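Here the structure is laid out as structure tokens; the discussion comes afterwards.
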Amino acid sequence: MENDIEKNIKEIQDKIKYLAQKYKRNPNDIQLVAVSKHHTLESIKAAYKCGIENFGENYIQEWQEKSQALSNLPNIKWHLIGHIQTNKAKSINSHIHCIHSLDKLNLAKEIEKKSPLENKVKVLIQLQVDKSDQNKSGIPFENAKELCGMLAHSQKMDFSGFMGIGPEENDKSRLRDLYAEFAKNAEDLWKSFSNRPKEKYILSLGMSSDYEIAIEHGSTLLRIGTAIFGRRK
């Protein structure tokens, strides 16, 4: 298992370098987050030994259990990438490196009100990628302005960029169009609402099946699980 994970990570890192060159990007601008949801502590340790420090979890309880069990690993960073219920806002603490899935104003208000954060946590607004795909979360672009404005003045959250989940789409041309529109919408919102509009922002876009197209359209953070750890059991 450990050898497979090491081999997979090397293949992905080599592919990222190749794609960065292909699309005239700096490979150092593209971060890899290993999505460890439902994978074992041993698998996470194997990826960590290969130099991976960023891990993505979908569920608060699973993140809490894993972060506690692996608290002895220096520089490990935890990303919350799944839907967060408002009643879990009080569980958001400084052990979280980044929240990718903020898509509701009331959730942001609950985090601001109830989380025990002493330092600001990075947050990304999850924007809707495909209006016709109702199975994916994300706030529509036209509804995101109030949330952006609230985060720009937050005392507990550092508005750092945007996240998107693409549809399961076999038509690569359509996916390119969706990602191009997503990237443009993200840039427009950042320039309009960020306190630091000239700085680079995080664009969390691309998973195991579509990260080449995501890199083509400016993704700075890839969330990859299956291509690293294999299918969940």
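Following the order of the structure tokens, first chain is A, next is B, and so on, with residues numbered from 1 inside each chain and ligands from 1 in the order they appear.
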
Identify, on the basis of only C-alpha atoms, every residue whose closest approach to Asn93 of chain A does not exceed 7 Å; exclude the query and any residue fewer than 2 positions from it along the same chain; express the result as a PDB file with C-alpha atoms, in the first residue's frame.
```pdb
ATOM      1  CA  SER A  91     -16.221  23.085  16.330  1.00  0.00           C
ATOM      2  CA  HIS A  95      -6.299  23.384  14.123  1.00  0.00           C
ATOM      3  CA  ILE A  96      -8.025  23.867  10.751  1.00  0.00           C
ATOM      4  CA  SER A 115     -16.312  29.435  16.925  1.00  0.00           C
ATOM      5  CA  PRO A 116     -13.530  29.580  19.522  1.00  0.00           C
ATOM      6  CA  LEU A 117     -11.039  30.939  16.974  1.00  0.00           C
TER       7      LEU A 117
END
```

*Return as a PyMOL selection string the full set of residues in segment 55-212 of chain A whose backbone-based DSSP assignment is strand (DSSP E).*
chain A and resi 55-57+77-80+96-102+121-126+157-164+202-205

*asked:* Applying 10 Å and only C-alpha atoms, which residues near segment 10-19 of chain A remain after dropping the ones on its own chain fewer than 4 positions away? List them as a PyMOL selection string.
replied: chain A and resi 4-6+23-28+30-32+50+208+211-213+215-216+222+224+227-228

*Contacts of Ala144 of chain A within 10 Å, only C-alpha atoms, excl. fewer than 4 positions in-chain, as a list of chain:residue names*: A:Asp103, A:Lys104, A:Leu105, A:Ile125, A:Gln126, A:Leu127, A:Gln128, A:Gly138, A:Ile139, A:Pro140, A:Cys148, A:Gly149, A:Leu189

Go ahead and dump the residues you just picked, N, CA and C atoms, as a PDB file, in the first residue's frame.
```pdb
ATOM      1  N   ASP A 103     -20.538  28.300   1.889  1.00  0.00           N
ATOM      2  CA  ASP A 103     -21.461  28.627   0.794  1.00  0.00           C
ATOM      3  C   ASP A 103     -22.757  29.268   1.265  1.00  0.00           C
ATOM      4  N   LYS A 104     -22.811  29.626   2.557  1.00  0.00           N
ATOM      5  CA  LYS A 104     -24.041  30.248   3.069  1.00  0.00           C
ATOM      6  C   LYS A 104     -23.689  31.370   4.038  1.00  0.00           C
ATOM      7  N   LEU A 105     -24.427  32.457   3.943  1.00  0.00           N
ATOM      8  CA  LEU A 105     -24.194  33.594   4.819  1.00  0.00           C
ATOM      9  C   LEU A 105     -24.469  33.227   6.271  1.00  0.00           C
ATOM     10  N   ILE A 125     -14.894  30.647  -0.461  1.00  0.00           N
ATOM     11  CA  ILE A 125     -16.313  30.597  -0.797  1.00  0.00           C
ATOM     12  C   ILE A 125     -16.518  29.537  -1.872  1.00  0.00           C
ATOM     13  N   GLN A 126     -17.412  28.597  -1.594  1.00  0.00           N
ATOM     14  CA  GLN A 126     -17.723  27.577  -2.587  1.00  0.00           C
ATOM     15  C   GLN A 126     -18.753  28.126  -3.560  1.00  0.00           C
ATOM     16  N   LEU A 127     -18.305  28.379  -4.773  1.00  0.00           N
ATOM     17  CA  LEU A 127     -19.182  28.889  -5.820  1.00  0.00           C
ATOM     18  C   LEU A 127     -19.763  27.731  -6.631  1.00  0.00           C
ATOM     19  N   GLN A 128     -20.971  27.902  -7.077  1.00  0.00           N
ATOM     20  CA  GLN A 128     -21.600  26.925  -7.961  1.00  0.00           C
ATOM     21  C   GLN A 128     -20.872  26.920  -9.307  1.00  0.00           C
ATOM     22  N   GLY A 138     -22.771  24.823  -3.397  1.00  0.00           N
ATOM     23  CA  GLY A 138     -22.133  26.018  -3.923  1.00  0.00           C
ATOM     24  C   GLY A 138     -23.139  27.137  -4.086  1.00  0.00           C
ATOM     25  N   ILE A 139     -22.711  28.339  -3.748  1.00  0.00           N
ATOM     26  CA  ILE A 139     -23.590  29.493  -3.869  1.00  0.00           C
ATOM     27  C   ILE A 139     -23.485  30.045  -5.294  1.00  0.00           C
ATOM     28  N   PRO A 140     -24.611  30.364  -5.927  1.00  0.00           N
ATOM     29  CA  PRO A 140     -24.550  30.952  -7.272  1.00  0.00           C
ATOM     30  C   PRO A 140     -23.773  32.267  -7.251  1.00  0.00           C
ATOM     31  N   CYS A 148     -19.379  37.608   0.324  1.00  0.00           N
ATOM     32  CA  CYS A 148     -18.039  38.184   0.138  1.00  0.00           C
ATOM     33  C   CYS A 148     -17.854  39.433   0.995  1.00  0.00           C
ATOM     34  N   GLY A 149     -18.868  40.286   0.987  1.00  0.00           N
ATOM     35  CA  GLY A 149     -18.789  41.514   1.768  1.00  0.00           C
ATOM     36  C   GLY A 149     -18.676  41.255   3.260  1.00  0.00           C
ATOM     37  N   LEU A 189     -15.296  38.657  -8.356  1.00  0.00           N
ATOM     38  CA  LEU A 189     -15.665  38.797  -6.948  1.00  0.00           C
ATOM     39  C   LEU A 189     -14.462  39.211  -6.100  1.00  0.00           C
TER      40      LEU A 189
END
```

*Give the alpha helix (DSSP H) residues of segment 17-85 of chain A, as DSSP finds them on the backbone, and put them as a PyMOL selection string.*
chain A and resi 17-22+41-49+60-69

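Distances to Pro197 of chain A were evaluated for A:Ser71, A:Ala46, A:His83, A:Ala152 using only C-alpha atoms, and the minimum falls at A:Ala152.
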
_I need the residue nearest Pro167 of chain A from this list: A:Pro74, A:Gly206, A:Gly56, A:Gly225. Use only C-alpha atoms for the distance._
A:Gly206

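When atom CA of Ser204 of chain A is paired with atom CA of Gly164 of chain A, their separation reads 6.4 Å.
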
*Quick one: everything within 8 Å of Gly161 of chain A, counting only C-alpha atoms, minus sequence neighbours fewer than 3 positions away in the same chain. Send it as number ranges by chain.*
A: 123-125, 186, 190, 201-204

For the residues selected in the previous step, produce a file with N, CA and C atoms as an mmCIF file, in the first residue's frame.
```cif
data_model
loop_
_atom_site.group_PDB
_atom_site.id
_atom_site.type_symbol
_atom_site.label_atom_id
_atom_site.label_comp_id
_atom_site.auth_asym_id
_atom_site.auth_seq_id
_atom_site.Cartn_x
_atom_site.Cartn_y
_atom_site.Cartn_z
ATOM 1 N N VAL A 123 -10.632 30.918 4.723
ATOM 2 C CA VAL A 123 -11.890 30.381 4.200
ATOM 3 C C VAL A 123 -11.990 30.671 2.709
ATOM 4 N N LEU A 124 -12.583 29.718 2.005
ATOM 5 C CA LEU A 124 -12.876 29.867 0.586
ATOM 6 C C LEU A 124 -14.387 29.823 0.406
ATOM 7 N N ILE A 125 -14.894 30.647 -0.461
ATOM 8 C CA ILE A 125 -16.313 30.597 -0.797
ATOM 9 C C ILE A 125 -16.518 29.537 -1.872
ATOM 10 N N ALA A 186 -14.853 34.159 -10.207
ATOM 11 C CA ALA A 186 -14.026 34.246 -9.005
ATOM 12 C C ALA A 186 -13.161 35.506 -9.035
ATOM 13 N N TRP A 190 -13.303 38.623 -6.386
ATOM 14 C CA TRP A 190 -12.106 38.949 -5.608
ATOM 15 C C TRP A 190 -11.742 40.430 -5.768
ATOM 16 N N TYR A 201 -5.098 34.926 -5.060
ATOM 17 C CA TYR A 201 -6.074 34.243 -4.222
ATOM 18 C C TYR A 201 -6.054 32.757 -4.549
ATOM 19 N N ILE A 202 -6.622 31.961 -3.640
ATOM 20 C CA ILE A 202 -6.675 30.518 -3.834
ATOM 21 C C ILE A 202 -7.845 30.183 -4.754
ATOM 22 N N LEU A 203 -7.582 29.342 -5.730
ATOM 23 C CA LEU A 203 -8.629 28.788 -6.577
ATOM 24 C C LEU A 203 -8.576 27.274 -6.409
ATOM 25 N N SER A 204 -9.445 26.766 -5.530
ATOM 26 C CA SER A 204 -9.488 25.337 -5.220
ATOM 27 C C SER A 204 -10.420 24.667 -6.219
#
```

*So how far away is atom CA of Leu147 of chain A from atom CA of Ala180 of chain A, in Å?*
22.1 Å

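Omitting segment 174-176 of chain A and its sequence neighbours fewer than 6 positions away, and counting only C-alpha atoms, the residues within 10 Å are Val129, Asp130, Gly166, Pro167, Glu168, Phe182, Asp210, Ile213, Ala214, Glu216 and His217 of chain A.
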
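Distance annotation: of A:Asn185, A:Thr40, A:Asn3, A:Ser94, the residue with the minimal separation from Trp78 of chain A is A:Ser94; atom set is only C-alpha atoms.
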
*Quick one: residues within 12 Å of Leu41 of chain A, only C-alpha atoms counted, chain neighbours fewer than 5 positions away excluded, as a PyMOL selection string?*
chain A and resi 2+36+46-48+55+62-63+65-71+73+229

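Here atom CA of Lys136 of chain A is placed at a distance of 24.0 Å from atom CA of Val121 of chain A.
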
_Of the listed residues A:Ser173, A:Lys184, A:Asp158, A:Phe193, that which approaches Lys145 of chain A most closely, counting only C-alpha atoms_ = A:Phe193
